[in-house]
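File shown: data_8.txt (compact mmCIF, C-alpha atoms and all ligand atoms).
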# COMPACT_ATOMS: atom_id res chain seq x y z
CA MET A 1 0.00 0.00 0.00
CA HIS A 2 1.24 3.46 -0.88
CA ARG A 3 1.68 5.67 2.17
CA PRO A 4 2.24 9.42 2.20
CA ILE A 5 5.80 10.76 2.59
CA TYR A 6 6.45 11.52 6.25
CA LEU A 7 7.37 15.17 6.80
CA ASP A 8 5.98 15.63 10.30
CA ASN A 9 9.23 15.09 12.19
CA HIS A 10 8.42 17.82 14.72
CA ALA A 11 5.45 15.77 15.92
CA THR A 12 7.53 12.65 16.34
CA THR A 13 10.26 10.75 14.53
CA PRO A 14 10.61 7.10 13.57
CA VAL A 15 12.91 5.18 15.90
CA ASP A 16 16.37 4.58 14.47
CA ARG A 17 17.07 0.84 14.08
CA ARG A 18 20.34 1.23 15.97
CA VAL A 19 18.28 2.51 18.90
CA VAL A 20 15.91 -0.47 18.83
CA ASP A 21 18.87 -2.87 18.66
CA ALA A 22 20.37 -1.29 21.76
CA MET A 23 17.04 -1.53 23.62
CA LEU A 24 16.15 -5.17 22.93
CA PRO A 25 18.48 -6.87 25.47
CA TYR A 26 16.92 -4.73 28.20
CA PHE A 27 13.51 -6.30 27.59
CA TYR A 28 14.79 -9.89 27.61
CA GLU A 29 18.06 -10.58 29.45
CA HIS A 30 18.71 -7.43 31.44
CA PHE A 31 15.15 -6.88 32.59
CA GLY A 32 16.01 -6.14 36.23
CA ASN A 33 14.78 -3.21 38.25
CA PRO A 34 17.59 -0.65 38.47
CA SER A 35 16.58 -0.09 42.12
CA SER A 36 17.18 -3.76 43.04
CA VAL A 37 20.48 -3.58 44.88
CA ASN A 38 20.69 -7.21 45.99
CA HIS A 39 21.38 -9.07 42.75
CA GLN A 40 23.00 -9.01 39.36
CA TYR A 41 19.77 -8.31 37.44
CA GLY A 42 19.38 -5.04 39.29
CA TRP A 43 23.04 -4.15 38.91
CA GLU A 44 22.97 -4.69 35.15
CA ALA A 45 19.97 -2.41 34.74
CA GLU A 46 21.47 0.16 37.10
CA ALA A 47 24.73 0.16 35.12
CA ALA A 48 22.85 0.81 31.88
CA VAL A 49 20.87 3.67 33.43
CA LYS A 50 24.05 5.14 34.88
CA GLN A 51 25.71 5.08 31.48
CA VAL A 52 22.78 6.93 29.90
CA ARG A 53 22.86 9.57 32.64
CA GLU A 54 26.47 10.15 31.62
CA VAL A 55 25.59 10.40 27.91
CA LEU A 56 22.82 12.92 28.56
CA ALA A 57 24.92 14.91 31.02
CA THR A 58 27.79 15.10 28.54
CA ALA A 59 25.37 16.16 25.78
CA ILE A 60 24.38 19.29 27.71
CA ASN A 61 27.54 19.80 29.83
CA ALA A 62 25.91 18.79 33.12
CA SER A 63 26.74 16.10 35.70
CA PRO A 64 25.02 12.70 35.72
CA GLU A 65 23.29 13.30 39.11
CA GLU A 66 21.54 16.30 37.60
CA ILE A 67 19.52 14.15 35.16
CA ILE A 68 16.02 13.20 36.38
CA PHE A 69 14.21 10.73 34.12
CA THR A 70 10.58 11.46 33.28
CA SER A 71 7.99 10.14 30.83
CA GLY A 72 8.84 12.90 28.33
CA ALA A 73 9.07 16.64 27.93
CA THR A 74 5.48 17.28 29.01
CA GLU A 75 6.17 15.76 32.40
CA ALA A 76 9.57 17.45 32.62
CA ASN A 77 7.98 20.86 31.92
CA ASN A 78 5.27 20.23 34.52
CA LEU A 79 7.83 19.14 37.11
CA ALA A 80 10.06 22.14 36.39
CA ILE A 81 7.36 24.81 36.40
CA LYS A 82 5.04 23.54 39.13
CA GLY A 83 7.97 22.18 41.13
CA VAL A 84 9.70 25.57 41.22
CA ALA A 85 6.44 27.44 41.84
CA GLU A 86 5.78 25.32 44.90
CA ALA A 87 9.34 25.36 46.22
CA TYR A 88 9.87 29.15 45.81
CA PHE A 89 6.32 30.26 46.64
CA ALA A 90 7.50 32.26 49.66
CA LYS A 91 10.07 34.15 47.56
CA GLY A 92 7.66 35.32 44.88
CA GLN A 93 4.80 34.34 42.64
CA HIS A 94 5.68 35.82 39.26
CA ILE A 95 6.72 33.77 36.22
CA ILE A 96 7.83 34.91 32.76
CA THR A 97 7.31 32.83 29.63
CA VAL A 98 6.56 33.42 25.94
CA VAL A 99 3.33 33.28 23.89
CA THR A 100 4.86 30.83 21.39
CA GLU A 101 5.75 28.13 23.94
CA HIS A 102 4.45 24.59 23.62
CA ASN A 103 1.20 23.90 25.47
CA ALA A 104 3.20 21.75 27.89
CA VAL A 105 4.63 25.04 29.20
CA ILE A 106 1.66 27.35 28.65
CA ASP A 107 -0.87 25.10 30.36
CA PRO A 108 1.09 24.53 33.60
CA CYS A 109 1.57 28.34 33.72
CA LYS A 110 -2.16 28.91 33.23
CA TYR A 111 -2.88 26.36 35.93
CA LEU A 112 -0.58 28.28 38.29
CA GLU A 113 -2.52 31.46 37.48
CA THR A 114 -5.63 29.80 38.89
CA LEU A 115 -3.69 29.28 42.14
CA GLY A 116 -2.80 32.97 42.36
CA PHE A 117 0.53 33.12 40.52
CA GLU A 118 1.04 35.89 37.99
CA VAL A 119 2.42 34.99 34.57
CA THR A 120 3.81 37.37 31.94
CA PHE A 121 3.54 35.96 28.43
CA LEU A 122 6.13 37.82 26.37
CA PRO A 123 5.22 38.60 22.75
CA VAL A 124 7.51 37.77 19.82
CA ASP A 125 8.54 39.81 16.78
CA LYS A 126 7.52 38.93 13.21
CA ASP A 127 10.36 36.38 13.07
CA GLY A 128 9.26 34.65 16.26
CA LEU A 129 12.07 35.93 18.48
CA ILE A 130 11.65 37.59 21.85
CA ASN A 131 12.93 41.11 22.41
CA LEU A 132 15.58 41.08 25.15
CA ILE A 133 14.83 44.65 26.21
CA GLU A 134 11.15 43.82 26.66
CA PHE A 135 12.19 40.72 28.55
CA LYS A 136 14.35 42.73 30.98
CA LYS A 137 11.48 45.16 31.53
CA ALA A 138 9.17 42.29 32.47
CA ILE A 139 11.43 41.15 35.33
CA ARG A 140 10.13 42.05 38.81
CA SER A 141 11.47 41.65 42.31
CA ASP A 142 9.06 38.74 42.83
CA THR A 143 9.93 36.91 39.59
CA ILE A 144 10.98 33.37 40.52
CA LEU A 145 11.10 31.60 37.15
CA VAL A 146 11.68 32.26 33.46
CA SER A 147 10.65 29.52 31.03
CA ILE A 148 11.75 30.00 27.41
CA MET A 149 12.10 27.21 24.88
CA ALA A 150 15.26 26.41 22.94
CA ALA A 151 13.69 25.56 19.55
CA ASN A 152 10.09 26.12 18.57
CA ASN A 153 8.09 23.04 17.55
CA GLU A 154 6.13 24.85 14.83
CA ILE A 155 8.42 27.45 13.29
CA GLY A 156 11.77 26.02 14.41
CA VAL A 157 12.96 29.38 15.76
CA LEU A 158 15.93 29.27 18.14
CA GLN A 159 15.68 31.73 21.03
CA PRO A 160 18.92 33.40 22.25
CA LEU A 161 19.43 31.11 25.26
CA ALA A 162 22.84 32.42 26.35
CA GLU A 163 21.63 36.03 26.45
CA ILE A 164 18.48 35.03 28.33
CA GLY A 165 20.51 32.94 30.77
CA GLU A 166 22.87 35.83 31.44
CA ILE A 167 19.99 38.15 32.30
CA CYS A 168 18.34 35.54 34.55
CA ARG A 169 21.58 34.89 36.42
CA GLU A 170 22.19 38.63 36.97
CA HIS A 171 18.76 38.87 38.59
CA GLY A 172 18.99 35.61 40.54
CA ILE A 173 16.04 34.09 38.67
CA ILE A 174 15.79 30.38 37.80
CA PHE A 175 15.92 29.76 34.04
CA HIS A 176 14.07 26.78 32.58
CA SER A 177 14.23 25.85 28.90
CA ASP A 178 12.10 23.33 27.02
CA ALA A 179 14.67 21.73 24.71
CA ALA A 180 12.45 18.95 23.34
CA GLN A 181 13.11 20.00 19.74
CA ALA A 182 16.71 21.01 20.34
CA ILE A 183 18.46 18.06 21.98
CA GLY A 184 20.76 16.38 19.48
CA LYS A 185 20.03 19.03 16.85
CA ILE A 186 21.79 22.13 18.11
CA PRO A 187 24.65 22.52 20.60
CA LEU A 188 23.32 22.87 24.17
CA ASP A 189 25.48 23.81 27.14
CA VAL A 190 23.82 24.47 30.48
CA GLN A 191 26.99 26.11 31.84
CA SER A 192 27.71 28.67 29.13
CA MET A 193 23.97 29.26 28.59
CA LYS A 194 23.36 29.53 32.35
CA ILE A 195 20.35 27.20 32.21
CA ASP A 196 19.09 25.84 35.55
CA LEU A 197 16.40 23.43 34.35
CA MET A 198 16.06 21.83 30.93
CA SER A 199 13.37 19.50 29.55
CA LEU A 200 14.34 16.76 27.14
CA THR A 201 12.53 14.00 25.27
CA ALA A 202 13.66 11.04 23.15
CA HIS A 203 10.98 10.73 20.50
CA LYS A 204 11.83 13.91 18.57
CA VAL A 205 15.35 12.66 18.02
CA TYR A 206 14.73 9.11 16.69
CA GLY A 207 14.36 7.57 20.15
CA PRO A 208 11.32 5.86 21.70
CA LYS A 209 8.19 7.66 22.92
CA GLY A 210 7.42 7.82 26.62
CA ILE A 211 10.86 8.74 27.92
CA GLY A 212 12.45 12.08 28.66
CA ALA A 213 14.40 13.87 31.33
CA LEU A 214 14.65 17.05 33.34
CA TYR A 215 18.07 18.53 33.99
CA VAL A 216 18.08 20.06 37.48
CA ARG A 217 21.08 22.21 38.43
CA ARG A 218 22.76 21.11 41.68
CA ARG A 219 25.44 23.79 42.08
CA ASN A 220 25.76 27.55 41.50
CA PRO A 221 22.89 27.80 42.25
CA ARG A 222 21.30 24.62 43.61
CA VAL A 223 17.72 24.47 42.34
CA LYS A 224 15.01 23.21 44.70
CA LEU A 225 12.03 21.39 43.24
CA THR A 226 8.90 20.07 44.90
CA ALA A 227 8.10 16.60 43.57
CA GLN A 228 4.88 16.32 41.61
CA GLN A 229 4.73 12.53 41.84
CA HIS A 230 5.38 10.80 45.16
CA GLY A 231 6.30 7.19 45.85
CA GLY A 232 9.48 5.18 46.25
CA GLY A 233 11.76 8.21 46.28
CA HIS A 234 13.42 7.49 42.94
CA GLU A 235 15.43 10.17 41.15
CA ARG A 236 16.57 11.81 44.39
CA GLY A 237 12.96 12.11 45.52
CA MET A 238 12.02 14.35 42.61
CA ARG A 239 10.23 11.75 40.49
CA SER A 240 9.14 8.45 41.95
CA GLY A 241 8.42 5.43 39.78
CA THR A 242 10.41 2.41 38.59
CA LEU A 243 12.80 3.47 35.87
CA TYR A 244 11.88 2.26 32.39
CA THR A 245 15.26 0.76 31.54
CA PRO A 246 14.73 -0.19 27.86
CA GLN A 247 13.36 3.28 27.05
CA ILE A 248 16.21 4.93 28.94
CA VAL A 249 18.76 2.85 27.00
CA GLY A 250 17.06 3.87 23.76
CA PHE A 251 17.08 7.53 24.79
CA GLY A 252 20.83 7.37 25.44
CA LYS A 253 21.55 5.63 22.15
CA ALA A 254 19.41 8.13 20.22
CA VAL A 255 21.24 11.10 21.73
CA GLU A 256 24.62 9.46 21.21
CA ILE A 257 23.89 8.96 17.49
CA ALA A 258 22.45 12.45 17.09
CA LEU A 259 25.52 14.06 18.62
CA ALA A 260 27.94 12.00 16.54
CA GLU A 261 26.09 12.87 13.34
CA GLN A 262 24.86 16.36 14.21
CA VAL A 263 27.09 18.43 11.93
CA VAL A 264 26.71 16.24 8.85
CA GLU A 265 22.99 15.71 9.39
CA ASN A 266 22.35 19.41 9.85
CA GLN A 267 24.17 20.18 6.60
CA ARG A 268 22.07 17.64 4.72
CA LEU A 269 18.79 18.82 6.28
CA ARG A 270 19.64 22.46 5.59
CA GLN A 271 20.22 21.60 1.92
CA LEU A 272 16.90 19.78 1.65
CA GLN A 273 15.12 22.62 3.46
CA GLN A 274 16.63 25.19 1.12
CA SER A 275 15.89 23.25 -2.04
CA LEU A 276 12.25 22.79 -0.96
CA TRP A 277 11.94 26.47 -0.08
CA GLY A 278 13.52 27.33 -3.42
CA VAL A 279 10.76 25.45 -5.26
CA ILE A 280 7.83 26.66 -3.15
CA SER A 281 8.97 30.29 -2.95
CA GLN A 282 8.75 30.62 -6.74
CA LEU A 283 5.00 31.01 -6.24
CA GLU A 284 3.54 34.40 -5.36
CA GLY A 285 2.03 35.05 -1.95
CA ILE A 286 4.03 32.57 0.13
CA HIS A 287 5.35 33.59 3.57
CA LEU A 288 8.17 31.87 5.39
CA ASN A 289 7.21 31.79 9.08
CA GLY A 290 9.97 32.20 11.62
CA HIS A 291 13.46 33.62 11.38
CA PRO A 292 15.06 32.71 8.01
CA ILE A 293 18.38 31.57 9.54
CA GLN A 294 18.00 31.28 13.30
CA ARG A 295 15.89 28.10 13.04
CA LEU A 296 16.16 24.31 13.07
CA SER A 297 17.75 23.01 9.89
CA GLY A 298 14.89 20.58 9.12
CA ASN A 299 12.08 23.07 9.66
CA LEU A 300 10.03 24.95 7.08
CA ASN A 301 6.79 26.66 7.99
CA ILE A 302 4.92 28.47 5.23
CA SER A 303 1.67 30.40 4.94
CA VAL A 304 -0.12 30.47 1.62
CA GLU A 305 -2.21 33.44 0.58
CA GLY A 306 -5.40 32.93 -1.37
CA VAL A 307 -6.17 29.33 -0.46
CA ASN A 308 -8.34 27.69 2.16
CA GLY A 309 -6.30 25.92 4.86
CA ALA A 310 -8.49 22.83 5.07
CA ALA A 311 -8.54 22.45 1.27
CA LEU A 312 -4.76 22.75 1.16
CA LEU A 313 -4.25 20.00 3.71
CA LEU A 314 -6.90 17.81 2.09
CA GLY A 315 -5.26 18.29 -1.30
CA LEU A 316 -1.91 17.12 0.05
CA GLN A 317 -2.83 14.45 2.54
CA SER A 318 -2.58 11.43 0.27
CA ILE A 319 0.91 12.53 -0.82
CA VAL A 320 2.57 13.94 2.25
CA ALA A 321 2.06 13.68 6.03
CA LEU A 322 2.53 17.10 7.59
CA SER A 323 0.77 19.45 9.99
CA SER A 324 -1.28 22.50 9.17
CA GLY A 325 -1.48 25.80 11.00
CA SER A 326 -4.76 24.81 12.55
CA ALA A 327 -3.89 21.37 13.89
CA CYS A 328 -1.66 22.52 16.71
CA SER A 329 -3.25 19.97 19.00
CA SER A 330 -4.96 16.74 18.09
CA THR A 331 -8.18 17.58 19.90
CA SER A 332 -8.76 21.22 18.95
CA SER A 333 -8.98 22.86 15.56
CA LYS A 334 -8.05 26.35 16.64
CA SER A 335 -5.60 28.40 14.61
CA SER A 336 -2.02 27.95 15.71
CA HIS A 337 -1.24 30.28 18.64
CA VAL A 338 2.33 30.48 17.35
CA LEU A 339 1.35 31.76 13.89
CA LEU A 340 -1.17 34.20 15.36
CA ALA A 341 1.64 35.53 17.59
CA LEU A 342 3.61 36.38 14.42
CA GLY A 343 0.77 38.70 13.44
CA HIS A 344 -1.04 36.49 10.93
CA SER A 345 -4.82 36.55 10.52
CA GLU A 346 -6.70 33.36 11.42
CA SER A 347 -7.31 32.48 7.79
CA LEU A 348 -3.65 32.89 6.83
CA ALA A 349 -2.56 30.95 9.93
CA ASP A 350 -4.94 28.15 8.92
CA ALA A 351 -3.50 28.11 5.38
CA SER A 352 -0.08 27.15 6.68
CA LEU A 353 2.08 24.05 6.44
CA ARG A 354 4.56 22.89 9.03
CA ILE A 355 7.19 20.79 7.32
CA GLY A 356 9.63 18.82 9.44
CA ILE A 357 12.35 17.17 7.36
CA GLY A 358 14.15 14.35 9.16
CA ARG A 359 16.96 11.83 9.10
CA PHE A 360 15.16 9.34 6.89
CA ASN A 361 13.83 11.70 4.22
CA THR A 362 15.53 11.49 0.84
CA GLU A 363 16.29 14.10 -1.80
CA LEU A 364 13.83 12.37 -4.12
CA GLU A 365 11.04 12.65 -1.55
CA ILE A 366 11.72 16.35 -1.08
CA ASP A 367 11.63 16.91 -4.87
CA GLN A 368 8.31 15.07 -5.15
CA VAL A 369 6.79 16.97 -2.24
CA GLY A 370 7.95 20.32 -3.60
CA GLN A 371 6.29 19.63 -6.95
CA GLN A 372 3.09 18.43 -5.32
CA ILE A 373 2.83 21.42 -3.02
CA VAL A 374 3.27 23.80 -5.96
CA GLU A 375 0.71 21.95 -8.11
CA THR A 376 -1.81 21.80 -5.28
CA ILE A 377 -1.53 25.50 -4.47
CA GLU A 378 -1.79 26.43 -8.16
CA SER A 379 -4.91 24.37 -8.72
CA LEU A 380 -6.59 25.58 -5.53
CA ARG A 381 -5.94 29.16 -6.57
CA LYS A 382 -7.15 28.52 -10.11
CA TYR A 383 -10.47 27.19 -8.87
CA CYS A 384 -10.60 29.72 -5.99
CA ILE A 385 -10.89 27.06 -3.29
C1 LIG A 401 6.99 17.37 21.62
C2 LIG A 401 7.21 18.52 22.52
C3 LIG A 401 6.86 18.49 23.87
C4 LIG A 401 6.17 17.30 24.48
O1 LIG A 401 7.07 16.24 24.63
P1 LIG A 401 6.56 14.78 25.03
O2 LIG A 401 7.82 14.04 25.28
O3 LIG A 401 5.78 14.29 23.86
O4 LIG A 401 5.75 14.92 26.27
C5 LIG A 401 7.13 19.59 24.64
N1 LIG A 401 7.71 20.68 24.13
C6 LIG A 401 8.07 20.75 22.84
C7 LIG A 401 8.74 21.98 22.32
C8 LIG A 401 7.83 19.69 21.99
O5 LIG A 401 8.17 19.77 20.71
Please rewrite the model in this file as C-alpha cells.
Ligand SMILES: *Cc1c(COP(=O)(O)O)cnc(C)c1O
Amino acid sequence: MHRPIYLDNHATTPVDRRVVDAMLPYFYEHFGNPSSVNHQYGWEAEAAVKQVREVLATAINASPEEIIFTSGATEANNLAIKGVAEAYFAKGQHIITVVTEHNAVIDPCKYLETLGFEVTFLPVDKDGLINLIEFKKAIRSDTILVSIMAANNEIGVLQPLAEIGEICREHGIIFHSDAAQAIGKIPLDVQSMKIDLMSLTAHKVYGPKGIGALYVRRRNPRVKLTAQQHGGGHERGMRSGTLYTPQIVGFGKAVEIALAEQVVENQRLRQLQQSLWGVISQLEGIHLNGHPIQRLSGNLNISVEGVNGAALLLGLQSIVALSSGSACSSTSSKSSHVLLALGHSESLADASLRIGIGRFNTELEIDQVGQQIVETIESLRKYCI
C-alpha cells in the first residue's frame, strides 16, 4: 500500500534501528529493576541507566546526578514549572514565559494562574524571536522563574538562550528551557547558557516515545524542586516510579547517534530545506514563518495566501504527512497560537504548512513533495478554493 511521505518530524520521529537494537536486550536478558540492589539483574539495569545519565549529562555539559528521568518533555515541563512554583512560593509568585511556547509550558503556567501566581507571556517579533529589552522590563522583584524554549516546535525558531541565561543569572532568577526539539540538533550547554532546568525528550530525536528527562542544576545555584509525583523516592525524591530501563537505554543511544552525526545531518537537512523552499517560494504570496536563519535546519513553515487551509491539507494528505497551522493539538482545531503571535490573521494561519524534514527523508522525496505542493496551491488558486 502506498503511504504518504512523512514530513511531520516535529510531531515525532521514527525510531532509528540502531536505537531499537540497543534496547532489545533490556527487555529480555537485562530486565532487572535498576533499584534492586541485591542481585546481578538489578546491577545490570542500574549500570545501563548510569551510562545513559552520563551520555545525557555530557550532551548538555551537566553532571550525571543532575539528570532526572521522566515520561517525556510534558512531564519534565510540569515538574520544572510547578515544582519551582511550589518550592519558591515564599520568595515570589511571578513567572515569565513566551506566547509561542508549547502547550506543555503554557498550560502549567495557566494552571498556576488559577492558584494565584502571575504569569507574563512575552510577545515575539515577526520572526518569532523575543525582544531582550522587553524581557528585561518584564522582570520584577518577585519573579521566581523564566521559562523560554530552545527551539520552537512549529516554526523552528531558536531563542537566544545564552543572552536570556545571562539576564536571569544577573537577577537571581531560575531559568528553565524546554529543549524537546533542540536536543541532538543544536549545541546545548547548560553552563555557558546559564540554564538551571532543561526539559528533554527522546521521541523527537529518533528515540522511543514515553521517555524524557529534566536537567536540574545542583550547584551555583542549587535548584530546589517540589516533587509532583510521590512514591518510592526514585530520582533523588524528585520523580518516583520504577525506571523504564529499555526506554532509557534507547534515549541514550538516540542522543549518542544524534551528537555523533549532528554536523553532517544538519548540513544535509539544511540543503533539503533550502531546495524545498527554493521550489515553493517561486510562487507568489508565500510567507516563510519564523526567522530565516535562526531556526532548526529541518524546519520549514509556510503560509499560503489565497487558499483555504483545510482544502490545502486535504489536497496534500494522500501525498505527504505534515501538519497544518490549525492542527496545533490533536483535539482542537483552533488556529495555531504560534502563527497568530507572528501577526497572521486566522485564515492565513490556517492556510499554513509545518514541514519537518528528518533523518530518513531522501532528496527524491523532497523533490516530489515540492512539486506536489506547488501543483496543489496552483490548482486551488485557479479554482478559488
Ligand atoms: C513534543 C514537545 C513536547 C512534548 O514532549 P513529550 O515528550 O511528547 O511529552 C514539549 N515541548 C516541545 C517543544 C515539543 O516539541
Query raised in the report: Using all atoms listed in the file, which residues sit within 12 Å of Ser379 of chain A once same-chain residues fewer than 4 positions away are excluded, as a PyMOL selection string?
Result: chain A and resi 306-308+311-312+315-316+372-375+383-385
Requested in this report: Give the residues close to ligand LIG 401 (chain A), within 8 Å, counting all atoms listed in the file; write them as number ranges by chain.
Outcome: A: 10-12, 71-77, 101-105, 149-153, 178-181, 199-204, 209-212
Query raised in the report: Got a sec: who's within 9 Å of Pro160 of chain A, counting all atoms listed in the file, leaving out chain neighbours fewer than 6 positions off, as a list in words?
Result: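 Here the qualifying residues turn out to be Leu129, Ile130, Leu132 and Ala150 of chain A.
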Requested in this report: Check the smallest atom-to-atom distance from each of A:Ser323, A:Thr242, A:Ser335, A:Gln294 to Gly42 of chain A using all atoms listed in the file, then report the winner.
Outcome: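 Counting all atoms listed in the file, the residue closest to Gly42 of chain A is A:Thr242.
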**Report entry** Atom-to-atom span, atom CA of Ala48 of chain A and atom CA of Arg236 of chain A, Å
**Finding:**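 Pair atom CA of Ala48 of chain A / atom CA of Arg236 of chain A returns 17.8 Å.
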Query - Residue nearest Phe31 of chain A - candidates A:Val249, A:Val263, A:Ala138, A:Ile106, atoms counted: all atoms listed in the file - result: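 Using all atoms listed in the file, the shortest distance to Phe31 of chain A belongs to A:Val249.
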Query raised in the report: Which residue out of A:Arg218, A:Lys334, A:Ser352, A:Leu272 has the minimum interatomic distance to Gln368 of chain A when only C-alpha atoms are used?
Result: A:Leu272
Report task. Check the smallest atom-to-atom distance from each of A:Pro14, A:Gly156, A:Gly207, A:Gly278 to Pro246 of chain A using all atoms listed in the file, then report the winner. Result ->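 So, comparing all the options, the nearest one is A:Gly207.
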Given 4 Å on each side, where is the centre and what are the edge lengths in Å to one decimal of the axis-aligned box enclosing the listed atoms of segment 151-154 of chain A, as JSON?
{"center_x": 9.9, "center_y": 24.6, "center_z": 17.2, "size_x": 15.6, "size_y": 11.1, "size_z": 12.7}
Query - Shortest interatomic distance to Gly370 of chain A - which of A:Gln229, A:Ser275, A:Gln93, A:Ser297, counting all atoms listed in the file - result: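 Smallest distance to Gly370 of chain A is found for A:Ser275.
If you measure from each of A:Asp350, A:Glu44, A:Glu265, A:Glu86 to Ile144 of chain A using only C-alpha atoms, the closest one turns out to be A:Glu86.
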Around (3.8, 34.7, 36.8), as given in the file, which residues come within 10 Å? Count all atoms listed in the file and list them as a PDB file with C-alpha atoms, in the coordinates of the input.
ATOM      1  CA  ALA A  85       6.440  27.440  41.840  1.00  0.00           C
ATOM      2  CA  GLY A  92       7.660  35.320  44.880  1.00  0.00           C
ATOM      3  CA  GLN A  93       4.800  34.340  42.640  1.00  0.00           C
ATOM      4  CA  HIS A  94       5.680  35.820  39.260  1.00  0.00           C
ATOM      5  CA  ILE A  95       6.720  33.770  36.220  1.00  0.00           C
ATOM      6  CA  ILE A  96       7.830  34.910  32.760  1.00  0.00           C
ATOM      7  CA  THR A  97       7.310  32.830  29.630  1.00  0.00           C
ATOM      8  CA  CYS A 109       1.570  28.340  33.720  1.00  0.00           C
ATOM      9  CA  LYS A 110      -2.160  28.910  33.230  1.00  0.00           C
ATOM     10  CA  LEU A 112      -0.580  28.280  38.290  1.00  0.00           C
ATOM     11  CA  GLU A 113      -2.520  31.460  37.480  1.00  0.00           C
ATOM     12  CA  GLY A 116      -2.800  32.970  42.360  1.00  0.00           C
ATOM     13  CA  PHE A 117       0.530  33.120  40.520  1.00  0.00           C
ATOM     14  CA  GLU A 118       1.040  35.890  37.990  1.00  0.00           C
ATOM     15  CA  VAL A 119       2.420  34.990  34.570  1.00  0.00           C
ATOM     16  CA  THR A 120       3.810  37.370  31.940  1.00  0.00           C
ATOM     17  CA  PHE A 121       3.540  35.960  28.430  1.00  0.00           C
ATOM     18  CA  ARG A 140      10.130  42.050  38.810  1.00  0.00           C
ATOM     19  CA  ASP A 142       9.060  38.740  42.830  1.00  0.00           C
ATOM     20  CA  THR A 143       9.930  36.910  39.590  1.00  0.00           C
ATOM     21  CA  ILE A 144      10.980  33.370  40.520  1.00  0.00           C
ATOM     22  CA  LEU A 145      11.100  31.600  37.150  1.00  0.00           C
ATOM     23  CA  VAL A 146      11.680  32.260  33.460  1.00  0.00           C
TER      24      VAL A 146
END
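A straight line drawn from atom CA of Lys382 of chain A to atom CA of Val279 of chain A is 18.8 Å long.
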Report task. Could you check how far atom CA of Asn220 of chain A sits from atom CA of His234 of chain A, in Å to one decimal? Result ->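 Spanning atom CA of Asn220 of chain A to atom CA of His234 of chain A is a straight-line distance of 23.6 Å.
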Segment 80-194 of chain A residues near segment 286-290 of chain A within 6 Å, closest pair each, using only C-alpha atoms, as JSON lines:
{"residue": "A:Asp127", "atom": "CA", "partner": "A:Gly290", "partner_atom": "CA", "distance": 4.4}
{"residue": "A:Gly128", "atom": "CA", "partner": "A:Gly290", "partner_atom": "CA", "distance": 5.3}
{"residue": "A:Ile155", "atom": "CA", "partner": "A:Gly290", "partner_atom": "CA", "distance": 5.3}
{"residue": "A:Val157", "atom": "CA", "partner": "A:Gly290", "partner_atom": "CA", "distance": 5.8}
Requested in this report: Write out as a ChimeraX atom specification the residues lying within 9 Å of Gln51 of chain A, counting only C-alpha atoms and excluding same-chain residues fewer than 4 positions away.
Outcome: /A:46-47,55-56,64,249,252
Would you save the residues of that selection, restricted to C-alpha atoms, as a compact mmCIF listing (two decimals), in the frame of the given file?
# COMPACT_ATOMS: atom_id res chain seq x y z
CA GLU A 46 21.47 0.16 37.10
CA ALA A 47 24.73 0.16 35.12
CA VAL A 55 25.59 10.40 27.91
CA LEU A 56 22.82 12.92 28.56
CA PRO A 64 25.02 12.70 35.72
CA VAL A 249 18.76 2.85 27.00
CA GLY A 252 20.83 7.37 25.44
Residue contacts of Val84 of chain A (8 Å, only C-alpha atoms) excluding same-chain residues fewer than 3 positions away, as a JSON list (two decimals) with C-alpha atoms, in the frame of the given file:
[["chain", "number", "residue", "atom", "x", "y", "z"],
["A", 79, "LEU", "CA", 7.83, 19.14, 37.11],
["A", 80, "ALA", "CA", 10.06, 22.14, 36.39],
["A", 81, "ILE", "CA", 7.36, 24.81, 36.40],
["A", 87, "ALA", "CA", 9.34, 25.36, 46.22],
["A", 88, "TYR", "CA", 9.87, 29.15, 45.81],
["A", 89, "PHE", "CA", 6.32, 30.26, 46.64],
["A", 144, "ILE", "CA", 10.98, 33.37, 40.52],
["A", 145, "LEU", "CA", 11.10, 31.60, 37.15],
["A", 224, "LYS", "CA", 15.01, 23.21, 44.70],
["A", 225, "LEU", "CA", 12.03, 21.39, 43.24],
["A", 226, "THR", "CA", 8.90, 20.07, 44.90]]
Query raised in the report: Residues at most 10 Å from Glu163 of chain A, counting all atoms listed in the file, excluding those fewer than 6 positions away in the same chain, as a PyMOL selection string?
Result: chain A and resi 132+192-194
